[in-house]
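Right, one structure below, let's go through it.
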Amino acid sequence: MLGTRRACYRRGVLSAAATSENPPTADSVEERILDAALVQFERVGVRKTTIEDIARAADVDRATVYRRIGSRDDVVSAAFEREVRRLLVDLSEIPARHDVFDDIVVDVFTTVITRWRAHPLVERLLTLEADRLLPQLTVDGASFFLLSVTASTEILRKVLEDGRFPDIPDLGARVEVVCRVVHSLILQPVGTIDTDSEQALASFARTYVVPILVAGV
């Protein structure tokens, strides 16, 4: 039963985020649970947070947390999915600020990297609890990655639909390649290429990311 509820919750989040520019409406109890969990995770880390802590902060009982979301690991996954969804909603607003396709790509790319690098929970987990975060972004992170690819493709597809820019028939495949680059830069920011600043990220995007999307079009 818990597995069914968790699957339904996750499908609802993924489907809504991938197909709509507006954030999906969510049960207020689930939102309170995730808000409380995020604060707890950022304050003391996942390892030291219990379901009891989350329930107390959300003003619900333990059974409600288990019934609405699931175990602590399920709460972690749900919290990350919600953060991804919020970021994707913000990304969908970027195209309206630019008249040049390259500028849209650069802004989206830079926003994703800087947002995740500066996220308090991601910072804490990468530094102190990498064993908790890495599975969420790698072996157990298929839903996050597919959501990112699908939603990013949809954002750029809508940009191309207005006829201002040439069509890109294999847009989905190109976006997936870019998402894999983003994934790598978030997990391992250290390298020979400078991506430490927003300016450096923008330069990287113009030099390497934009060509992935438009070369040969």
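FYI, nothing fancy with the structure tokens labels: chains A, B, ... in order, residues from 1 per chain, ligands from 1 as they appear.
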Requested in this report: Determine which residues of range 16-181 of chain A DSSP labels as helix (DSSP H, G or I) from the backbone of this structure, then write them out as a PyMOL selection string.
Outcome: chain A and resi 16-19+28-44+51-58+62-68+72-91+95-97+101-118+120-128+130-137+142-161+171-181
**Report entry** A:Leu187, A:Cys179, A:Ala78, A:Val209 ranked by distance to Thr127 in chain A, top pick (using only C-alpha atoms)
**Finding:** A:Leu187
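For the atom pair formed by CA of Val75 in chain A and CA of Ala37 in chain A, the distance is 7.3 Å, given to one decimal.
In this comparison, which uses only C-alpha atoms, the residue of A:Asp27, A:Asp170, A:Glu161, A:Glu123 approaching Ile186 in chain A most closely is A:Glu123.
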Report task. Name the residues in contact with Ala63 in chain A at a cut-off of 10 Å, using only C-alpha atoms, excluding same-chain residues fewer than 6 positions from it; report them as a PyMOL selection string. Result -> chain A and resi 51-52+55+69-70
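Shortest atom-to-atom contact with Glu93 in chain A among A:Leu126, A:Gln199, A:Asp59, A:Ile155: A:Ile155, counting only C-alpha atoms.
Counting only C-alpha atoms, range 200-205 of chain A has the following residues at most 12 Å away, ignoring those fewer than 4 positions along the same chain: Asp102, Asp103, Ile104, Val105, Val106, Asp107, Val108, Phe109, Thr110, Thr111, Val112, Ile113, Thr114, Val178, Val181, Val182, Leu185, Ile186, Pro189, Ile193, Asp194, Thr195, Asp196, Val209, Val210, Pro211, Ile212 and Leu213 of chain A.
Among the candidates A:Val84, A:Ala173, A:Leu125, A:Val65, the one nearest to Arg43 in chain A when counting only C-alpha atoms is A:Leu125.
Counting only C-alpha atoms, Leu88 in chain A has the following residues at most 8 Å away, ignoring those fewer than 4 positions along the same chain: Ala17, Val84, Ser92, Ser148, Ala151 and Ser152 of chain A.
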Test item: residues at most 7 Å from Thr153 in chain A, only C-alpha atoms, excluding those fewer than 5 positions along its chain, as a PDB file with N, CA and C atoms, in the first residue's frame:
```pdb
ATOM      1  N   LEU A 171      15.761  17.415 -31.144  1.00  0.00           N
ATOM      2  CA  LEU A 171      15.958  18.267 -29.967  1.00  0.00           C
ATOM      3  C   LEU A 171      16.080  17.446 -28.686  1.00  0.00           C
ATOM      4  N   GLY A 172      15.231  16.439 -28.525  1.00  0.00           N
ATOM      5  CA  GLY A 172      15.249  15.641 -27.304  1.00  0.00           C
ATOM      6  C   GLY A 172      16.589  14.985 -27.045  1.00  0.00           C
ATOM      7  N   VAL A 175      19.158  17.692 -26.067  1.00  0.00           N
ATOM      8  CA  VAL A 175      18.930  18.152 -24.697  1.00  0.00           C
ATOM      9  C   VAL A 175      19.426  17.116 -23.696  1.00  0.00           C
TER      10      VAL A 175
END
```
Query raised in the report: Pick the closest to Pro169 in chain A from A:Ala215, A:Glu31, A:Arg124, A:Ala79: which is it, counting only C-alpha atoms?
Result: A:Ala215
Query - Given only C-alpha atoms as the counted atoms, nearest of A:Glu81, A:Asp162, A:Asp74, A:Asp167 to Ala142 in chain A - result: A:Glu81
